[in-house]
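What follows is the content of input.pdb (PDB, C-alpha atoms).
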```pdb
ATOM      1  CA  MET A   1      12.474 146.558  95.824
ATOM      2  CA  SER A   2      11.884 149.465  98.161
ATOM      3  CA  ARG A   3      14.338 150.403 100.865
ATOM      4  CA  GLN A   4      11.825 149.350 103.534
ATOM      5  CA  SER A   5      11.234 145.985 101.877
ATOM      6  CA  LYS A   6      14.996 145.361 101.718
ATOM      7  CA  LEU A   7      15.289 146.206 105.391
ATOM      8  CA  LEU A   8      12.494 143.769 106.251
ATOM      9  CA  SER A   9      14.188 141.046 104.191
ATOM     10  CA  ARG A  10      17.439 141.646 106.005
ATOM     11  CA  ILE A  11      15.772 141.436 109.414
ATOM     12  CA  LEU A  12      13.349 138.574 108.752
ATOM     13  CA  ARG A  13      15.758 136.437 106.687
ATOM     14  CA  HIS A  14      19.273 137.210 107.847
ATOM     15  CA  GLU A  15      19.780 139.569 110.800
ATOM     16  CA  PRO A  16      16.898 139.847 113.263
ATOM     17  CA  GLY A  17      19.450 140.970 115.844
ATOM     18  CA  LEU A  18      20.015 144.126 113.776
ATOM     19  CA  VAL A  19      17.000 145.585 115.585
ATOM     20  CA  GLY A  20      17.312 143.470 118.727
ATOM     21  CA  LEU A  21      14.872 140.721 117.746
ATOM     22  CA  THR A  22      15.025 136.928 117.615
ATOM     23  CA  LEU A  23      12.969 134.882 115.200
ATOM     24  CA  GLY A  24      10.412 132.773 117.018
ATOM     25  CA  ARG A  25       9.089 129.334 116.241
ATOM     26  CA  GLY A  26       8.442 128.953 112.528
ATOM     27  CA  GLY A  27      10.366 132.169 111.823
ATOM     28  CA  TRP A  28       7.546 134.348 113.140
ATOM     29  CA  ILE A  29       7.896 137.717 114.860
ATOM     30  CA  GLN A  30       5.062 139.641 116.487
ATOM     31  CA  VAL A  31       4.207 142.618 114.259
ATOM     32  CA  ASP A  32       3.991 144.933 117.281
ATOM     33  CA  ASP A  33       7.484 143.868 118.402
ATOM     34  CA  LEU A  34       8.865 144.395 114.887
ATOM     35  CA  LEU A  35       7.338 147.852 114.499
ATOM     36  CA  ARG A  36       8.549 148.881 117.959
ATOM     37  CA  ALA A  37      12.089 147.578 117.282
ATOM     38  CA  LEU A  38      12.218 149.304 113.892
ATOM     39  CA  LYS A  39      11.122 152.597 115.443
ATOM     40  CA  LYS A  40      13.705 152.282 118.210
ATOM     41  CA  ALA A  41      16.394 151.671 115.538
ATOM     42  CA  GLY A  42      15.303 154.795 113.617
ATOM     43  CA  HIS A  43      13.258 153.072 110.902
ATOM     44  CA  ARG A  44       9.674 154.167 111.228
ATOM     45  CA  ILE A  45       7.292 151.865 109.367
ATOM     46  CA  THR A  46       3.605 152.087 110.146
ATOM     47  CA  ARG A  47       1.333 149.052 110.376
ATOM     48  CA  ASP A  48      -0.415 150.173 107.164
ATOM     49  CA  ALA A  49       2.922 150.563 105.369
ATOM     50  CA  LEU A  50       3.978 147.105 106.556
ATOM     51  CA  HIS A  51       0.768 145.580 105.204
ATOM     52  CA  GLN A  52       1.330 147.394 101.902
ATOM     53  CA  ILE A  53       4.911 146.098 101.652
ATOM     54  CA  VAL A  54       3.682 142.543 102.251
ATOM     55  CA  ALA A  55       0.870 142.874  99.692
ATOM     56  CA  GLU A  56       2.946 144.540  96.979
ATOM     57  CA  ASN A  57       6.201 142.608  97.221
ATOM     58  CA  ASP A  58       6.766 141.175  93.748
ATOM     59  CA  LYS A  59       8.054 137.852  95.058
ATOM     60  CA  GLN A  60       5.698 137.653  98.028
ATOM     61  CA  ARG A  61       8.725 137.399 100.318
ATOM     62  CA  PHE A  62       6.713 137.988 103.487
ATOM     63  CA  THR A  63       3.789 136.219 105.113
ATOM     64  CA  LEU A  64       1.387 137.670 107.636
ATOM     65  CA  SER A  65      -0.393 135.220 109.913
ATOM     66  CA  ASP A  66      -4.138 134.858 109.381
ATOM     67  CA  ASP A  67      -4.816 137.208 112.293
ATOM     68  CA  THR A  68      -2.123 139.641 110.947
ATOM     69  CA  ARG A  69      -0.428 139.735 114.363
ATOM     70  CA  ARG A  70       2.721 137.901 113.214
ATOM     71  CA  ILE A  71       5.026 138.197 110.201
ATOM     72  CA  ARG A  72       7.804 136.076 108.730
ATOM     73  CA  ALA A  73       9.892 135.723 105.605
ATOM     74  CA  ALA A  74       8.414 133.029 103.354
ATOM     75  CA  GLN A  75      11.864 131.563 102.555
ATOM     76  CA  GLY A  76      15.451 132.576 101.881
ATOM     77  CA  HIS A  77      16.765 132.469 105.439
ATOM     78  CA  SER A  78      20.469 132.396 106.149
ATOM     79  CA  VAL A  79      19.831 132.079 109.891
ATOM     80  CA  PRO A  80      18.855 128.626 111.142
ATOM     81  CA  ILE A  81      15.069 128.431 111.313
ATOM     82  CA  ASP A  82      12.507 125.674 110.913
ATOM     83  CA  LEU A  83       9.650 127.133 108.895
ATOM     84  CA  GLU A  84       7.564 124.154 110.009
ATOM     85  CA  LEU A  85       6.548 123.353 106.454
ATOM     86  CA  ALA A  86       5.221 119.874 105.773
ATOM     87  CA  PRO A  87       7.151 117.839 103.199
ATOM     88  CA  SER A  88       5.306 117.934  99.873
ATOM     89  CA  GLU A  89       5.393 116.019  96.626
ATOM     90  CA  PRO A  90       6.751 118.430  94.015
ATOM     91  CA  PRO A  91       5.628 118.801  90.428
ATOM     92  CA  THR A  92       7.455 116.536  87.976
ATOM     93  CA  VAL A  93       9.823 119.337  86.933
ATOM     94  CA  LEU A  94      10.904 122.533  88.644
ATOM     95  CA  PHE A  95      13.367 125.186  87.480
ATOM     96  CA  HIS A  96      16.430 126.952  88.813
ATOM     97  CA  GLY A  97      17.722 130.249  87.469
ATOM     98  CA  THR A  98      21.415 130.981  87.665
ATOM     99  CA  ALA A  99      24.202 132.721  85.761
ATOM    100  CA  SER A 100      25.937 130.904  82.918
ATOM    101  CA  ALA A 101      29.255 131.488  84.733
ATOM    102  CA  ASN A 102      28.086 129.115  87.480
ATOM    103  CA  LEU A 103      27.353 126.125  85.235
ATOM    104  CA  ASP A 104      30.709 124.309  85.539
ATOM    105  CA  ALA A 105      30.523 124.359  89.335
ATOM    106  CA  ILE A 106      26.841 123.376  89.326
ATOM    107  CA  PHE A 107      27.350 120.409  87.024
ATOM    108  CA  ALA A 108      30.356 119.327  89.125
ATOM    109  CA  SER A 109      28.714 119.621  92.559
ATOM    110  CA  GLY A 110      24.990 120.064  91.970
ATOM    111  CA  LEU A 111      22.944 122.861  93.488
ATOM    112  CA  ILE A 112      23.873 123.619  97.078
ATOM    113  CA  ALA A 113      22.236 126.029  99.485
ATOM    114  CA  GLY A 114      25.346 128.137 100.022
ATOM    115  CA  ARG A 115      24.617 130.856 102.595
ATOM    116  CA  ARG A 116      20.921 129.961 102.647
ATOM    117  CA  GLN A 117      19.246 127.039 104.356
ATOM    118  CA  HIS A 118      17.724 125.590 101.197
ATOM    119  CA  VAL A 119      18.074 125.461  97.446
ATOM    120  CA  HIS A 120      15.240 127.475  95.884
ATOM    121  CA  LEU A 121      13.373 126.087  92.889
ATOM    122  CA  SER A 122      10.843 127.937  90.771
ATOM    123  CA  PRO A 123       7.562 126.474  89.534
ATOM    124  CA  ASP A 124       7.984 128.034  86.069
ATOM    125  CA  GLN A 125      10.723 129.034  83.643
ATOM    126  CA  ASP A 126       9.843 132.749  83.610
ATOM    127  CA  THR A 127      10.357 133.092  87.360
ATOM    128  CA  ALA A 128      13.618 131.143  87.181
ATOM    129  CA  LEU A 129      14.809 133.404  84.352
ATOM    130  CA  LYS A 130      14.153 136.497  86.493
ATOM    131  CA  VAL A 131      16.149 134.939  89.331
ATOM    132  CA  GLY A 132      19.024 134.060  86.993
ATOM    133  CA  THR A 133      19.112 137.583  85.586
ATOM    134  CA  ARG A 134      20.101 138.930  89.007
ATOM    135  CA  HIS A 135      23.324 136.899  88.901
ATOM    136  CA  GLY A 136      24.648 137.570  85.395
ATOM    137  CA  ARG A 137      23.836 136.156  81.958
ATOM    138  CA  PRO A 138      20.853 133.961  82.889
ATOM    139  CA  VAL A 139      20.427 130.266  82.313
ATOM    140  CA  VAL A 140      17.438 128.197  83.388
ATOM    141  CA  LEU A 141      18.061 124.638  84.542
ATOM    142  CA  ARG A 142      15.377 121.947  84.558
ATOM    143  CA  VAL A 143      15.284 119.894  87.737
ATOM    144  CA  ASN A 144      13.919 116.350  87.513
ATOM    145  CA  THR A 145      12.061 116.589  90.796
ATOM    146  CA  ALA A 146       9.987 113.476  90.091
ATOM    147  CA  ALA A 147      13.171 111.383  90.105
ATOM    148  CA  MET A 148      14.533 113.203  93.150
ATOM    149  CA  HIS A 149      11.313 112.597  95.068
ATOM    150  CA  ALA A 150      11.229 108.929  93.997
ATOM    151  CA  ASP A 151      14.807 108.635  95.293
ATOM    152  CA  GLY A 152      13.723 109.931  98.715
ATOM    153  CA  LEU A 153      14.842 113.555  98.588
ATOM    154  CA  ILE A 154      12.521 115.889 100.475
ATOM    155  CA  PHE A 155      10.778 119.024  99.217
ATOM    156  CA  TRP A 156       8.851 121.770 100.942
ATOM    157  CA  ARG A 157       6.651 124.434  99.378
ATOM    158  CA  ALA A 158       7.130 127.879 100.926
ATOM    159  CA  ASP A 159       4.244 130.260 101.591
ATOM    160  CA  ASN A 160       5.047 132.125  98.359
ATOM    161  CA  GLY A 161       5.131 129.047  96.106
ATOM    162  CA  VAL A 162       8.920 128.671  95.958
ATOM    163  CA  TRP A 163       9.986 125.043  96.312
ATOM    164  CA  LEU A 164      12.758 124.252  98.790
ATOM    165  CA  THR A 165      15.098 121.289  99.123
ATOM    166  CA  GLN A 166      18.413 120.645 100.868
ATOM    167  CA  SER A 167      20.426 120.191  97.647
ATOM    168  CA  VAL A 168      20.064 119.013  94.057
ATOM    169  CA  PRO A 169      22.664 116.480  92.921
ATOM    170  CA  ALA A 170      23.927 117.193  89.399
ATOM    171  CA  LYS A 171      22.416 113.984  87.973
ATOM    172  CA  TYR A 172      18.932 115.545  88.302
ATOM    173  CA  LEU A 173      19.822 118.688  86.306
ATOM    174  CA  GLY A 174      19.427 119.499  82.626
ATOM    175  CA  PHE A 175      18.418 122.231  80.209
TER     176      PHE A 175
END
```
Just give me the structure as structure tokens.
Amino acid sequence: MSRQSKLLSRILRHEPGLVGLTLGRGGWIQVDDLLRALKKAGHRITRDALHQIVAENDKQRFTLSDDTRRIRAAQGHSVPIDLELAPSEPPTVLFHGTASANLDAIFASGLIAGRRQHVHLSPDQDTALKVGTRHGRPVVLRVNTAAMHADGLIFWRADNGVWLTQSVPAKYLGF
């Protein structure tokens, strides 16, 4: 991920105050305000470069509004924000990539959001494997989302296709 993309992730997901901004309703920030704040903080990103970062980000971390005047992170926030996503019925099974070293804790306590607002679930095993690789020797867990949904747990689908939920109790996890 490019240095500029990492900076945008940091601002739009974790520290908008780093450049003197506050995330608005739904996590949105006006593009003009973002570009101006970045410039003032010594990080010059042009509008064209911003659009390129959004288009080329491998995980589609960022979303531009339809009129391209606002931007937000699709998911992964550590700051409290309501992305205003409608609850959705998930596929029967989703996947979670993690490191094998985490398995004892996961099977004891389930998947918890940790520093993030939500647990992130992948729609396919390949994506989950890539996520798990970032944390150590990867393992992909199967999440019985059909049973979770039937039991009343809520899911949201982020702009980039990542599925979000508050937590995943261990009884819904397997290999």
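CA of Arg142 in chain A to CA of Ala170 in chain A spans 10.9 Å [interatomic distance, one decimal].
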So what do you get for CA of Leu21 in chain A versus CA of Asp58 in chain A, distance-wise?
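Distance between the two atoms: 25.3 Å.
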Would you list the contacts of Trp28 in chain A as a PDB file with C-alpha atoms, in the frame of the given file, taking every protein, DNA or RNA residue within 12 Å and counting only C-alpha atoms, but skipping same-chain residues closer than 4 positions in sequence?
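Here's the written file part_8.pdb:
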```pdb
ATOM      1  CA  ILE A  11      15.772 141.436 109.414  1.00  0.00           C
ATOM      2  CA  LEU A  12      13.349 138.574 108.752  1.00  0.00           C
ATOM      3  CA  ARG A  13      15.758 136.437 106.687  1.00  0.00           C
ATOM      4  CA  PRO A  16      16.898 139.847 113.263  1.00  0.00           C
ATOM      5  CA  LEU A  21      14.872 140.721 117.746  1.00  0.00           C
ATOM      6  CA  THR A  22      15.025 136.928 117.615  1.00  0.00           C
ATOM      7  CA  LEU A  23      12.969 134.882 115.200  1.00  0.00           C
ATOM      8  CA  GLY A  24      10.412 132.773 117.018  1.00  0.00           C
ATOM      9  CA  ASP A  32       3.991 144.933 117.281  1.00  0.00           C
ATOM     10  CA  ASP A  33       7.484 143.868 118.402  1.00  0.00           C
ATOM     11  CA  LEU A  34       8.865 144.395 114.887  1.00  0.00           C
ATOM     12  CA  PHE A  62       6.713 137.988 103.487  1.00  0.00           C
ATOM     13  CA  THR A  63       3.789 136.219 105.113  1.00  0.00           C
ATOM     14  CA  LEU A  64       1.387 137.670 107.636  1.00  0.00           C
ATOM     15  CA  SER A  65      -0.393 135.220 109.913  1.00  0.00           C
ATOM     16  CA  THR A  68      -2.123 139.641 110.947  1.00  0.00           C
ATOM     17  CA  ARG A  69      -0.428 139.735 114.363  1.00  0.00           C
ATOM     18  CA  ARG A  70       2.721 137.901 113.214  1.00  0.00           C
ATOM     19  CA  ILE A  71       5.026 138.197 110.201  1.00  0.00           C
ATOM     20  CA  ARG A  72       7.804 136.076 108.730  1.00  0.00           C
ATOM     21  CA  ALA A  73       9.892 135.723 105.605  1.00  0.00           C
ATOM     22  CA  ALA A  74       8.414 133.029 103.354  1.00  0.00           C
ATOM     23  CA  GLN A  75      11.864 131.563 102.555  1.00  0.00           C
ATOM     24  CA  ILE A  81      15.069 128.431 111.313  1.00  0.00           C
ATOM     25  CA  ASP A  82      12.507 125.674 110.913  1.00  0.00           C
ATOM     26  CA  LEU A  83       9.650 127.133 108.895  1.00  0.00           C
ATOM     27  CA  GLU A  84       7.564 124.154 110.009  1.00  0.00           C
TER      28      GLU A  84
END
```
Residue members of the PyMOL selection byres ((chain A and resi 97-101) around 7) in the file shown, as a list in words
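This file, filtered by the PyMOL selection byres ((chain A and resi 97-101) around 7), leaves Phe95, His96, Asn102, Leu103, Ala128, Leu129, Val131, Gly132, His135, Gly136, Arg137, Pro138, Val139, Val140 and Leu141 of chain A.
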Quick one: residues within 6 Å of (10.7, 123.7, 91.0) (file frame), counting all atoms listed in the file, please, as a tab-separated table (two decimals) with C-alpha atoms, in the frame of the given file.
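Result file is result_1.tsv:
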```tsv
chain	number	residue	atom	x	y	z
A	94	LEU	CA	10.90	122.53	88.64
A	95	PHE	CA	13.37	125.19	87.48
A	121	LEU	CA	13.37	126.09	92.89
A	122	SER	CA	10.84	127.94	90.77
A	123	PRO	CA	7.56	126.47	89.53
A	163	TRP	CA	9.99	125.04	96.31
```
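For the set A:Ser9, A:Pro87, A:Val19, A:Gln4, the residue with the smallest atom-to-atom gap to Thr46 in chain A is A:Gln4, counting all atoms listed in the file.
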Calculated over only C-alpha atoms, which of the candidates A:Val143, A:Val31, A:Leu7, A:Ala49 has the smallest distance to Asp124 in chain A?
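Smallest separation from Asp124 in chain A among the options: A:Val143.
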Go through A:Gln30, A:Ser5, A:Thr165, A:Asn57 and flag the residue nearest Ala113 in chain A, using only C-alpha atoms for the distances.
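The answer is A:Thr165, which sits nearest to Ala113 in chain A.
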Given the file shown, enumerate the residues that the PyMOL selection byres ((chain A and resi 153) around 10) captures and present them as a PyMOL selection string.
chain A and resi 87+89+145-152+154-155+165-168
Quick one, how far is CA of Lys59 in chain A from CA of Asp126 in chain A?
12.7 Å
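Picked by the PyMOL selection byres ((chain A and resi 109) around 10) from the coordinates shown: Leu103, Asp104, Ala105, Ile106, Phe107, Ala108, Gly110, Leu111, Ile112, Ser167, Val168, Pro169, Ala170 and Lys171 of chain A.
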Residue among A:Arg10, A:Arg61, A:His77, A:Lys130 lying closest to Arg115 in chain A, counting all atoms listed in the file:
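Closest residue, counting all atoms listed in the file: A:His77.
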Find the residue from A:Glu15, A:Arg157, A:Lys6, A:Leu173 that sits nearest to Ala86 in chain A; use all atoms listed in the file when measuring.
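Among the listed residues, the smallest separation from Ala86 in chain A belongs to A:Arg157.
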